[in-house]
>>> print(open('coords_33.cif').read())   # mmCIF, C-alpha atoms, pLDDT in the B column; chains and numbers go by the auth columns
data_model
#
loop_
_atom_site.group_PDB
_atom_site.id
_atom_site.type_symbol
_atom_site.label_atom_id
_atom_site.label_comp_id
_atom_site.label_asym_id
_atom_site.label_seq_id
_atom_site.Cartn_x
_atom_site.Cartn_y
_atom_site.Cartn_z
_atom_site.B_iso_or_equiv
_atom_site.auth_seq_id
_atom_site.auth_asym_id
ATOM 1 C CA MET A 1 20.250 1.499 13.991 54.00 1 A
ATOM 2 C CA GLU A 2 16.506 1.724 14.384 59.00 2 A
ATOM 3 C CA THR A 3 14.452 -0.911 16.151 73.00 3 A
ATOM 4 C CA PRO A 4 13.090 -3.365 13.563 75.00 4 A
ATOM 5 C CA PHE A 5 9.372 -3.109 12.929 79.00 5 A
ATOM 6 C CA SER A 6 6.749 -4.311 10.485 89.00 6 A
ATOM 7 C CA GLN A 7 3.354 -2.844 9.612 92.00 7 A
ATOM 8 C CA SER A 8 0.897 -3.689 6.849 94.00 8 A
ATOM 9 C CA TRP A 9 -2.416 -2.658 5.293 94.00 9 A
ATOM 10 C CA HIS A 10 -4.614 -4.580 2.863 96.00 10 A
ATOM 11 C CA TRP A 11 -7.516 -3.146 0.857 96.00 11 A
ATOM 12 C CA GLN A 12 -9.976 -4.407 -1.737 96.00 12 A
ATOM 13 C CA ALA A 13 -12.326 -2.568 -4.078 96.00 13 A
ATOM 14 C CA ILE A 14 -15.077 -4.883 -5.334 96.00 14 A
ATOM 15 C CA ASP A 15 -18.179 -4.056 -7.376 95.00 15 A
ATOM 16 C CA PRO A 16 -19.434 -6.906 -9.606 95.00 16 A
ATOM 17 C CA SER A 17 -21.917 -4.617 -11.399 94.00 17 A
ATOM 18 C CA ARG A 18 -18.989 -2.478 -12.636 91.00 18 A
ATOM 19 C CA ASN A 19 -16.619 -5.464 -13.111 93.00 19 A
ATOM 20 C CA VAL A 20 -14.208 -4.008 -10.543 93.00 20 A
ATOM 21 C CA ALA A 21 -12.179 -6.375 -8.366 96.00 21 A
ATOM 22 C CA ARG A 22 -8.955 -4.721 -7.199 96.00 22 A
ATOM 23 C CA ALA A 23 -6.561 -5.397 -4.368 96.00 23 A
ATOM 24 C CA TYR A 24 -3.888 -3.155 -2.853 96.00 24 A
ATOM 25 C CA ASP A 25 -1.320 -4.200 -0.226 96.00 25 A
ATOM 26 C CA LEU A 26 1.149 -1.980 1.610 96.00 26 A
ATOM 27 C CA TRP A 27 3.981 -3.157 3.886 96.00 27 A
ATOM 28 C CA ILE A 28 6.491 -1.089 5.842 96.00 28 A
ATOM 29 C CA GLU A 29 9.410 -3.020 7.305 96.00 29 A
ATOM 30 C CA THR A 30 12.982 -2.626 8.449 94.00 30 A
ATOM 31 C CA ASP A 31 15.426 -4.482 6.191 91.00 31 A
ATOM 32 C CA LEU A 32 18.642 -6.224 7.240 91.00 32 A
ATOM 33 C CA PHE A 33 20.664 -3.049 6.773 90.00 33 A
ATOM 34 C CA GLY A 34 18.453 -0.841 8.956 89.00 34 A
ATOM 35 C CA TRP A 35 16.693 0.948 6.074 93.00 35 A
ATOM 36 C CA ILE A 36 12.924 1.275 6.055 95.00 36 A
ATOM 37 C CA THR A 37 11.311 -0.379 3.020 96.00 37 A
ATOM 38 C CA ILE A 38 7.859 0.258 1.639 97.00 38 A
ATOM 39 C CA GLU A 39 6.479 -2.506 -0.541 97.00 39 A
ATOM 40 C CA ARG A 40 3.304 -1.954 -2.547 97.00 40 A
ATOM 41 C CA ARG A 41 1.406 -4.571 -4.543 97.00 41 A
ATOM 42 C CA TRP A 42 -1.706 -3.869 -6.550 96.00 42 A
ATOM 43 C CA GLY A 43 -3.818 -5.256 -9.343 96.00 43 A
ATOM 44 C CA ARG A 44 -6.934 -7.165 -10.231 96.00 44 A
ATOM 45 C CA ILE A 45 -7.858 -9.823 -7.665 96.00 45 A
ATOM 46 C CA GLY A 46 -6.645 -13.192 -8.925 93.00 46 A
ATOM 47 C CA SER A 47 -3.971 -11.760 -11.238 94.00 47 A
ATOM 48 C CA LYS A 48 -0.228 -11.425 -10.730 93.00 48 A
ATOM 49 C CA GLY A 49 -0.519 -7.648 -10.466 95.00 49 A
ATOM 50 C CA ARG A 50 2.385 -5.253 -9.997 97.00 50 A
ATOM 51 C CA ALA A 51 4.780 -4.508 -7.167 98.00 51 A
ATOM 52 C CA VAL A 52 7.187 -1.726 -6.207 97.00 52 A
ATOM 53 C CA THR A 53 9.631 -1.638 -3.306 97.00 53 A
ATOM 54 C CA THR A 54 11.360 1.562 -2.198 97.00 54 A
ATOM 55 C CA SER A 55 13.828 2.140 0.653 96.00 55 A
ATOM 56 C CA TYR A 56 14.252 5.132 2.942 95.00 56 A
ATOM 57 C CA PRO A 57 17.037 5.929 5.435 93.00 57 A
ATOM 58 C CA ASP A 58 14.677 6.853 8.277 91.00 58 A
ATOM 59 C CA ARG A 59 11.208 5.982 9.508 91.00 59 A
ATOM 60 C CA ALA A 60 9.897 9.559 9.450 93.00 60 A
ATOM 61 C CA THR A 61 10.328 9.810 5.681 94.00 61 A
ATOM 62 C CA ALA A 62 8.769 6.376 5.147 94.00 62 A
ATOM 63 C CA ASP A 63 5.790 7.306 7.354 93.00 63 A
ATOM 64 C CA VAL A 64 5.119 10.415 5.232 95.00 64 A
ATOM 65 C CA ILE A 65 5.161 8.364 2.023 95.00 65 A
ATOM 66 C CA ALA A 66 2.955 5.653 3.558 94.00 66 A
ATOM 67 C CA GLN A 67 0.423 8.293 4.665 94.00 67 A
ATOM 68 C CA GLN A 68 0.296 9.677 1.123 95.00 68 A
ATOM 69 C CA ILE A 69 -0.366 6.174 -0.216 93.00 69 A
ATOM 70 C CA ARG A 70 -3.154 5.570 2.329 92.00 70 A
ATOM 71 C CA THR A 71 -4.732 8.944 1.470 92.00 71 A
ATOM 72 C CA ARG A 72 -4.673 8.035 -2.217 91.00 72 A
ATOM 73 C CA ARG A 73 -6.565 4.791 -1.468 89.00 73 A
ATOM 74 C CA GLU A 74 -9.262 6.844 0.286 90.00 74 A
ATOM 75 C CA SER A 75 -9.861 8.854 -2.892 89.00 75 A
ATOM 76 C CA ALA A 76 -10.603 5.761 -5.029 88.00 76 A
ATOM 77 C CA ILE A 77 -14.348 6.478 -5.044 88.00 77 A
ATOM 78 C CA LYS A 78 -13.654 9.564 -7.187 88.00 78 A
ATOM 79 C CA ARG A 79 -11.171 7.796 -9.475 85.00 79 A
ATOM 80 C CA ILE A 80 -12.572 4.284 -10.029 87.00 80 A
ATOM 81 C CA GLY A 81 -16.099 4.634 -8.693 89.00 81 A
ATOM 82 C CA VAL A 82 -15.606 2.043 -5.939 92.00 82 A
ATOM 83 C CA ARG A 83 -14.307 2.552 -2.416 93.00 83 A
ATOM 84 C CA TYR A 84 -11.391 0.473 -1.105 94.00 84 A
ATOM 85 C CA ARG A 85 -12.269 -1.424 2.078 94.00 85 A
ATOM 86 C CA ALA A 86 -9.755 -2.676 4.640 93.00 86 A
ATOM 87 C CA VAL A 87 -9.367 -6.448 4.676 92.00 87 A
ATOM 88 C CA GLY A 88 -8.536 -8.116 7.990 78.00 88 A
#
>>> encode(input="coords_33.cif", output="structure tokens")
Amino acid sequence: METPFSQSWHWQAIDPSRNVARAYDLWIETDLFGWITIERRWGRIGSKGRAVTTSYPDRATADVIAQQIRTRRESAIKRIGVRYRAVG
């Protein structure tokens, strides 16, 4: 069984002139059964938004998926016209 861990990232893309106010949250944690879960939540700031949770048997696989998600957030300027910024 792997050592339990938890890691998270939070981003926002805000541009009032374009009426863009989006939030994206990403959590990687070990569940009670030793699997690594990736939880993603996204949507307009102030709304319920959407969420997806996926589980992986090992941390290496989860880290690859999490890196792909973080890379996708970096390309938001091309897709939505506003850059996501990390929120403390």
>>> atom_distance(input="coords_33.cif", atom1="CA of Thr3 (chain A)", atom2="CA of Gln67 (chain A)")
20.3 Å
>>> residues_around(input="coords_33.cif", residues="Val64 (chain A)", least_positions_apart="6", cutoff="12 Å", atoms="all atoms listed in the file", output="JSON list (two decimals) with C-alpha atoms, in the frame of the given file")
[["chain", "number", "residue", "atom", "x", "y", "z"],
["A", 28, "ILE", "CA", 6.49, -1.09, 5.84],
["A", 38, "ILE", "CA", 7.86, 0.26, 1.64],
["A", 56, "TYR", "CA", 14.25, 5.13, 2.94],
["A", 58, "ASP", "CA", 14.68, 6.85, 8.28],
["A", 70, "ARG", "CA", -3.15, 5.57, 2.33],
["A", 71, "THR", "CA", -4.73, 8.94, 1.47]]
>>> closest_residue(input="coords_33.cif", among="A:Ile69, A:Gln12, A:Arg59, A:Arg83", to="Leu26 (chain A)", atoms="only C-alpha atoms")
A:Ile69
>>> residues_near_point(input="coords_33.cif", point="(5.6, -4.1, 13.0)", cutoff="9 Å", atoms="only C-alpha atoms", output="PyMOL selection string")
chain A and resi 4-8+28-30
>>> atom_distance(input="coords_33.cif", atom1="CA of Ser75 (chain A)", atom2="CA of Trp35 (chain A)")
29.1 Å
>>> decode(input="coords_33.cif", residues="region 41-68 of chain A", atoms="N, CA, C and O atoms", output="CSV table (one decimal), in the first residue's frame")
chain,number,residue,atom,x,y,z
A,41,ARG,N,-12.9,19.7,-10.7
A,41,ARG,CA,-14.2,20.5,-10.6
A,41,ARG,C,-13.9,21.8,-11.5
A,41,ARG,O,-12.9,22.4,-11.3
A,42,TRP,N,-14.9,22.1,-12.3
A,42,TRP,CA,-14.8,23.3,-13.1
A,42,TRP,C,-16.1,23.9,-13.4
A,42,TRP,O,-17.1,23.3,-13.3
A,43,GLY,N,-16.1,25.2,-13.8
A,43,GLY,CA,-17.3,25.9,-14.2
A,43,GLY,C,-17.2,27.4,-13.9
A,43,GLY,O,-16.1,27.9,-13.6
A,44,ARG,N,-18.3,28.1,-14.2
A,44,ARG,CA,-18.3,29.5,-14.0
A,44,ARG,C,-18.2,29.8,-12.5
A,44,ARG,O,-18.9,29.1,-11.7
A,45,ILE,N,-17.5,30.8,-12.1
A,45,ILE,CA,-17.4,31.2,-10.7
A,45,ILE,C,-18.7,31.6,-10.2
A,45,ILE,O,-19.4,32.3,-10.8
A,46,GLY,N,-19.1,31.0,-9.1
A,46,GLY,CA,-20.4,31.2,-8.5
A,46,GLY,C,-21.5,30.2,-8.8
A,46,GLY,O,-22.6,30.3,-8.3
A,47,SER,N,-21.2,29.4,-9.8
A,47,SER,CA,-22.2,28.3,-10.2
A,47,SER,C,-21.8,27.0,-9.6
A,47,SER,O,-20.7,26.8,-9.0
A,48,LYS,N,-22.7,26.0,-9.7
A,48,LYS,CA,-22.4,24.7,-9.2
A,48,LYS,C,-21.3,24.0,-9.9
A,48,LYS,O,-20.5,23.3,-9.4
A,49,GLY,N,-21.3,24.2,-11.2
A,49,GLY,CA,-20.2,23.7,-12.1
A,49,GLY,C,-20.4,22.2,-12.2
A,49,GLY,O,-21.4,21.6,-12.0
A,50,ARG,N,-19.3,21.5,-12.7
A,50,ARG,CA,-19.2,20.1,-12.9
A,50,ARG,C,-18.1,19.5,-12.2
A,50,ARG,O,-17.1,20.2,-11.9
A,51,ALA,N,-18.1,18.2,-12.0
A,51,ALA,CA,-17.1,17.5,-11.3
A,51,ALA,C,-16.9,16.0,-11.8
A,51,ALA,O,-17.9,15.4,-12.2
A,52,VAL,N,-15.7,15.6,-11.8
A,52,VAL,CA,-15.4,14.2,-12.3
A,52,VAL,C,-14.3,13.7,-11.3
A,52,VAL,O,-13.3,14.3,-11.1
A,53,THR,N,-14.5,12.4,-10.9
A,53,THR,CA,-13.5,11.8,-10.1
A,53,THR,C,-13.1,10.5,-10.8
A,53,THR,O,-14.0,9.7,-11.1
A,54,THR,N,-11.8,10.2,-10.9
A,54,THR,CA,-11.3,9.0,-11.5
A,54,THR,C,-10.3,8.4,-10.6
A,54,THR,O,-9.6,9.1,-9.8
A,55,SER,N,-10.2,7.1,-10.6
A,55,SER,CA,-9.2,6.4,-9.7
A,55,SER,C,-8.2,5.6,-10.5
A,55,SER,O,-8.5,5.1,-11.6
A,56,TYR,N,-7.0,5.5,-10.0
A,56,TYR,CA,-5.9,4.8,-10.6
A,56,TYR,C,-5.2,3.9,-9.6
A,56,TYR,O,-5.0,4.3,-8.5
A,57,PRO,N,-4.7,2.8,-10.1
A,57,PRO,CA,-4.0,1.8,-9.1
A,57,PRO,C,-2.7,2.3,-8.6
A,57,PRO,O,-2.2,1.8,-7.6
A,58,ASP,N,-2.0,3.2,-9.3
A,58,ASP,CA,-0.7,3.6,-8.9
A,58,ASP,C,-0.5,5.1,-9.1
A,58,ASP,O,-1.2,5.7,-9.9
A,59,ARG,N,0.4,5.7,-8.4
A,59,ARG,CA,0.7,7.1,-8.4
A,59,ARG,C,1.3,7.6,-9.7
A,59,ARG,O,1.0,8.7,-10.2
A,60,ALA,N,2.1,6.7,-10.3
A,60,ALA,CA,2.8,7.1,-11.6
A,60,ALA,C,1.7,7.4,-12.7
A,60,ALA,O,1.8,8.4,-13.4
A,61,THR,N,0.7,6.6,-12.8
A,61,THR,CA,-0.3,6.8,-13.8
A,61,THR,C,-1.1,8.1,-13.5
A,61,THR,O,-1.4,8.9,-14.4
A,62,ALA,N,-1.4,8.3,-12.2
A,62,ALA,CA,-2.2,9.5,-11.8
A,62,ALA,C,-1.4,10.7,-12.1
A,62,ALA,O,-1.9,11.7,-12.5
A,63,ASP,N,-0.1,10.7,-11.8
A,63,ASP,CA,0.8,11.8,-12.1
A,63,ASP,C,0.8,12.2,-13.6
A,63,ASP,O,0.8,13.4,-13.9
A,64,VAL,N,0.8,11.2,-14.5
A,64,VAL,CA,0.8,11.5,-15.9
A,64,VAL,C,-0.5,12.2,-16.3
A,64,VAL,O,-0.5,13.2,-17.0
A,65,ILE,N,-1.6,11.7,-15.8
A,65,ILE,CA,-2.9,12.3,-16.1
A,65,ILE,C,-3.0,13.7,-15.5
A,65,ILE,O,-3.4,14.6,-16.2
A,66,ALA,N,-2.5,13.9,-14.3
A,66,ALA,CA,-2.5,15.2,-13.7
A,66,ALA,C,-1.7,16.2,-14.5
A,66,ALA,O,-2.1,17.4,-14.6
A,67,GLN,N,-0.5,15.8,-15.0
A,67,GLN,CA,0.3,16.6,-15.8
A,67,GLN,C,-0.4,17.0,-17.1
A,67,GLN,O,-0.3,18.2,-17.5
A,68,GLN,N,-1.1,16.1,-17.7
A,68,GLN,CA,-1.9,16.4,-18.9
A,68,GLN,C,-3.0,17.5,-18.6
A,68,GLN,O,-3.2,18.4,-19.4
